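Okay, structure first, notes after.
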Amino acid sequence: MSASVIEITSPDMQGVEPYFSLTEHQLRNKLHSEKGLFIAESPKVIGVALDAGYKPVSLLTSRKHIEGDAALVISRCGNIPIYTGDDALLERITGFKVTRGVLCAMHRPSLPTVEDVCKGKRRIVIIDNVVDSTNVGAIFRSAAALGIDGVLLTPTSCDPLNRRSVRVSMGSVFLVPWTYLGDTEAAWPSEGMSRLHSLGFRVASMALKENSVSIDDKALQAEPHLAIVMGTEGEGLTDEVINASDYVVRIPMSHNVDSLNVAAAAAVAFWQLTR
């Protein structure tokens, strides 16, 4: 079936709401997750989502891209609405310059359980209270590229399906299984640590502490099942998380540099600990 191209006549036109009036929180729609949406941006990222089985709801694209950059995506999406207008109108609707002229509203999937994410896995990462969408997207991209088997997020972390997270990850959020480690802040760290231990994982927190071991520690690298905890920007991991961990791990630094950005530190940790 062919897609239906609809010319946008005003920003409050019915059907355009996901791109114009809904906040990220409203798109996520926690109370009715089966109705939740997210926005994927750019043909490449949308294509990765489609390859991974995500279901499109509608597309928003400039007129010039219907036969150009958006053509392949449109051909793969079936009979869904294609909302279109000129670049100036799209920018007024979305509030930003649309990357390569294509946005796609997609259904949120049902998330797997922690047990499903961890089953049979060797290396997972726990994203703990990382609130910057760019950092979350970059961590997912490194996780997919460097052999991390799954991602768990504490409830206070940024939503991986935030539009910017999806774009920065280049669609990697669709490639690595992930879920939340508990529904409330109280579930971490004690309940979450116990759950991981029951699944056979040792927990390694990345932190520059006096009792830390180097990231190339042989015992650490030999662990058959390891959960690597990456902490929030600036403050890092709490003492409660660090004290409950099986390992505290540091990346050796030079030139008196005190730390790395969490996304950069994650890439280093993934490279070393998945070898």
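How things are named: the first chain in the structure tokens is A, the next is B, and so on; residues count from 1 in each chain; ligands count from 1 in the order shown.
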Practice item. Using DSSP on the backbone coordinates, identify all residues within range 65-266 of chain A classified as strand (DSSP E); present the result as an MDAnalysis selection string. Key: chainID A and resid 81:85 102:107 123:127 150:153 178:180 202:206 213:214 226:230 247:250
I'd like the neighbourhood of Ile39 in chain A as a PDB file with N, CA and C atoms, in the first residue's frame, where a residue qualifies if any of its atoms comes within 8 Å (using only C-alpha atoms), though same-chain residues fewer than 6 positions away should be ignored.
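In the end it all went to selection-v3.pdb:
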ATOM      1  N   PRO A  18       2.736  14.863  17.602  1.00  0.00           N
ATOM      2  CA  PRO A  18       3.989  14.297  18.125  1.00  0.00           C
ATOM      3  C   PRO A  18       5.222  15.130  17.787  1.00  0.00           C
ATOM      4  N   TYR A  19       5.147  15.893  16.705  1.00  0.00           N
ATOM      5  CA  TYR A  19       6.292  16.672  16.265  1.00  0.00           C
ATOM      6  C   TYR A  19       6.264  18.110  16.782  1.00  0.00           C
ATOM      7  N   LEU A 103      11.699  13.160   9.927  1.00  0.00           N
ATOM      8  CA  LEU A 103      11.410  12.677  11.277  1.00  0.00           C
ATOM      9  C   LEU A 103      10.370  11.572  11.171  1.00  0.00           C
ATOM     10  N   CYS A 104      10.443  10.615  12.088  1.00  0.00           N
ATOM     11  CA  CYS A 104       9.465   9.530  12.100  1.00  0.00           C
ATOM     12  C   CYS A 104       8.979   9.294  13.515  1.00  0.00           C
ATOM     13  N   ALA A 105       7.668   9.365  13.712  1.00  0.00           N
ATOM     14  CA  ALA A 105       7.073   8.970  14.988  1.00  0.00           C
ATOM     15  C   ALA A 105       6.889   7.453  14.970  1.00  0.00           C
ATOM     16  N   MET A 106       7.340   6.789  16.024  1.00  0.00           N
ATOM     17  CA  MET A 106       7.307   5.324  16.067  1.00  0.00           C
ATOM     18  C   MET A 106       6.737   4.856  17.396  1.00  0.00           C
ATOM     19  N   LEU A 161      15.225   6.593  24.375  1.00  0.00           N
ATOM     20  CA  LEU A 161      14.453   6.915  23.178  1.00  0.00           C
ATOM     21  C   LEU A 161      14.117   8.400  23.080  1.00  0.00           C
ATOM     22  N   ASN A 162      14.752   9.206  23.910  1.00  0.00           N
ATOM     23  CA  ASN A 162      14.728  10.651  23.707  1.00  0.00           C
ATOM     24  C   ASN A 162      15.276  10.945  22.309  1.00  0.00           C
ATOM     25  N   ARG A 163      14.699  11.911  21.613  1.00  0.00           N
ATOM     26  CA  ARG A 163      15.079  12.159  20.218  1.00  0.00           C
ATOM     27  C   ARG A 163      16.576  12.378  20.055  1.00  0.00           C
TER      28      ARG A 163
END
**Study point:** Residue neighbourhood Asp159 in chain A, 10 Å, only C-alpha atoms, exclusion window fewer than 5 positions, as JSON, numbers by chain
**Key:** {"A": [24, 25, 28, 130, 131, 132, 133, 136, 137, 153, 164, 165, 166, 180]}
Give me a file of those residues, with C-alpha atoms, as a PDB file, in the first residue's frame.
ATOM      1  CA  GLU A  24       9.426  14.043  25.541  1.00  0.00           C
ATOM      2  CA  HIS A  25       7.622  13.078  28.738  1.00  0.00           C
ATOM      3  CA  ARG A  28       6.930   8.501  26.546  1.00  0.00           C
ATOM      4  CA  VAL A 130      23.162   9.891  33.576  1.00  0.00           C
ATOM      5  CA  VAL A 131      20.746  12.664  32.635  1.00  0.00           C
ATOM      6  CA  ASP A 132      22.345  14.166  29.541  1.00  0.00           C
ATOM      7  CA  SER A 133      20.740  12.751  26.387  1.00  0.00           C
ATOM      8  CA  VAL A 136      23.306   8.363  26.965  1.00  0.00           C
ATOM      9  CA  GLY A 137      23.248   8.175  23.171  1.00  0.00           C
ATOM     10  CA  LEU A 153      19.421   2.069  33.292  1.00  0.00           C
ATOM     11  CA  ARG A 164      18.610  13.449  20.806  1.00  0.00           C
ATOM     12  CA  SER A 165      19.747  10.181  22.418  1.00  0.00           C
ATOM     13  CA  VAL A 166      18.475   8.241  19.430  1.00  0.00           C
ATOM     14  CA  TYR A 180      15.295  -0.196  33.477  1.00  0.00           C
TER      15      TYR A 180
END
**Study point:** range 194-210 of chain A environment, 10 Å, only C-alpha atoms, sequence neighbours closer than 2 positions dropped, as a PyMOL selection string
**Key:** chain A and resi 114-115+118-126+181-182+187-192+212-215+220+223-231+236-239+241-253+258-259+262+265-266+269
**Study point:** Point-to-point distance in Å for CA of Thr94 in chain A and CA of Ser4 in chain A
**Key:** 20.8 Å
**Study point:** Residues near range 89-91 of chain A, cut-off 10 Å, only C-alpha atoms, skip fewer than 5 positions along chain, as JSON, numbers by chain
**Key:** {"A": [8, 9, 10, 11, 19, 20, 60, 61, 62, 83, 84, 96, 97, 98, 101, 102]}
Check your understanding: Interatomic distance between CA of Val73 in chain A and CA of Ala49 in chain A?
Key ->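 So the answer is 10.6 Å.
Between CA of Val45 in chain A and CA of Ser142 in chain A there is a distance of 15.8 Å.
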Check your understanding: A:Gln14, A:Gln26, A:Ser172, A:Ser75: which is nearest Ala145 in chain A, counting only C-alpha atoms?
Key ->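 Among the listed residues, the smallest separation from Ala145 in chain A belongs to A:Ser172.
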Check your understanding: When distances are computed from only C-alpha atoms, which of A:Glu17, A:Asp149, A:Glu41, A:Asp128 shows the smallest separation from Leu175 in chain A?
Key ->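 The closest residue to Leu175 in chain A is A:Asp149.
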Practice item. Can you list, as a VMD selection string, all residues belonging to range 147-261 of chain A that DSSP tags as helix (DSSP H, G or I)? Key: chain A and resid 163 to 168 172 to 174 185 to 187 190 to 198 218 to 222 239 to 244
Keeping only N, CA and C atoms, take the residues you just selected and write them out as a short mmCIF file (atom, residue, chain, number, x, y, z; two decimals), in the first residue's frame.
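Final file, again_36.cif:
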data_model
loop_
_atom_site.label_atom_id
_atom_site.label_comp_id
_atom_site.auth_asym_id
_atom_site.auth_seq_id
_atom_site.Cartn_x
_atom_site.Cartn_y
_atom_site.Cartn_z
N ARG A 163 14.70 11.91 21.61
CA ARG A 163 15.08 12.16 20.22
C ARG A 163 16.58 12.38 20.06
N ARG A 164 17.18 13.18 20.93
CA ARG A 164 18.61 13.45 20.81
C ARG A 164 19.44 12.21 21.12
N SER A 165 19.02 11.42 22.11
CA SER A 165 19.75 10.18 22.42
C SER A 165 19.74 9.24 21.22
N VAL A 166 18.59 9.11 20.60
CA VAL A 166 18.48 8.24 19.43
C VAL A 166 19.40 8.72 18.32
N ARG A 167 19.40 10.05 18.08
CA ARG A 167 20.20 10.59 16.99
C ARG A 167 21.70 10.43 17.27
N VAL A 168 22.13 10.77 18.49
CA VAL A 168 23.56 10.67 18.83
C VAL A 168 24.03 9.22 18.77
N SER A 172 21.89 3.09 17.58
CA SER A 172 22.41 1.97 18.39
C SER A 172 21.46 1.59 19.52
N VAL A 173 20.58 2.51 19.93
CA VAL A 173 19.60 2.18 20.97
C VAL A 173 18.65 1.08 20.50
N PHE A 174 18.60 0.86 19.18
CA PHE A 174 17.74 -0.20 18.65
C PHE A 174 18.48 -1.53 18.51
N GLU A 185 13.58 4.98 42.32
CA GLU A 185 14.94 5.26 42.78
C GLU A 185 15.35 4.32 43.91
N ALA A 186 14.39 3.90 44.73
CA ALA A 186 14.70 3.06 45.88
C ALA A 186 15.21 1.67 45.48
N ALA A 187 14.99 1.29 44.22
CA ALA A 187 15.41 -0.04 43.76
C ALA A 187 16.91 -0.14 43.52
N SER A 190 20.78 -1.21 46.38
CA SER A 190 20.76 -2.49 47.13
C SER A 190 19.96 -3.57 46.42
N GLU A 191 18.73 -3.27 46.04
CA GLU A 191 17.88 -4.26 45.38
C GLU A 191 18.47 -4.65 44.02
N GLY A 192 18.94 -3.65 43.29
CA GLY A 192 19.51 -3.91 41.97
C GLY A 192 20.77 -4.75 42.04
N MET A 193 21.64 -4.45 43.00
CA MET A 193 22.87 -5.23 43.16
C MET A 193 22.53 -6.69 43.49
N SER A 194 21.58 -6.89 44.40
CA SER A 194 21.19 -8.25 44.76
C SER A 194 20.64 -9.01 43.56
N ARG A 195 19.89 -8.32 42.75
CA ARG A 195 19.31 -8.93 41.56
C ARG A 195 20.41 -9.36 40.59
N LEU A 196 21.40 -8.49 40.39
CA LEU A 196 22.51 -8.81 39.50
C LEU A 196 23.33 -9.99 40.04
N HIS A 197 23.59 -9.99 41.35
CA HIS A 197 24.34 -11.10 41.94
C HIS A 197 23.59 -12.41 41.77
N SER A 198 22.28 -12.37 41.91
CA SER A 198 21.50 -13.60 41.75
C SER A 198 21.54 -14.13 40.32
N LYS A 218 43.92 -8.22 36.07
CA LYS A 218 43.69 -9.54 35.47
C LYS A 218 42.46 -10.23 36.06
N ALA A 219 42.27 -10.12 37.38
CA ALA A 219 41.10 -10.76 38.00
C ALA A 219 39.80 -10.14 37.48
N LEU A 220 39.82 -8.83 37.33
CA LEU A 220 38.65 -8.12 36.81
C LEU A 220 38.33 -8.59 35.39
N GLN A 221 39.35 -8.63 34.54
CA GLN A 221 39.12 -9.01 33.16
C GLN A 221 38.71 -10.47 33.00
N ALA A 222 39.08 -11.28 33.98
CA ALA A 222 38.76 -12.71 33.91
C ALA A 222 37.35 -13.04 34.37
N ASP A 239 28.65 7.09 47.02
CA ASP A 239 29.40 6.19 47.89
C ASP A 239 28.61 4.90 48.14
N GLU A 240 27.29 5.02 48.19
CA GLU A 240 26.46 3.83 48.42
C GLU A 240 26.64 2.82 47.29
N VAL A 241 26.67 3.30 46.06
CA VAL A 241 26.87 2.41 44.91
C VAL A 241 28.28 1.83 44.94
N ILE A 242 29.26 2.68 45.16
CA ILE A 242 30.65 2.24 45.17
C ILE A 242 30.89 1.19 46.25
N ASN A 243 30.38 1.44 47.46
CA ASN A 243 30.62 0.52 48.58
C ASN A 243 29.91 -0.81 48.40
N ALA A 244 28.84 -0.83 47.60
CA ALA A 244 28.10 -2.08 47.38
C ALA A 244 28.66 -2.89 46.22
#
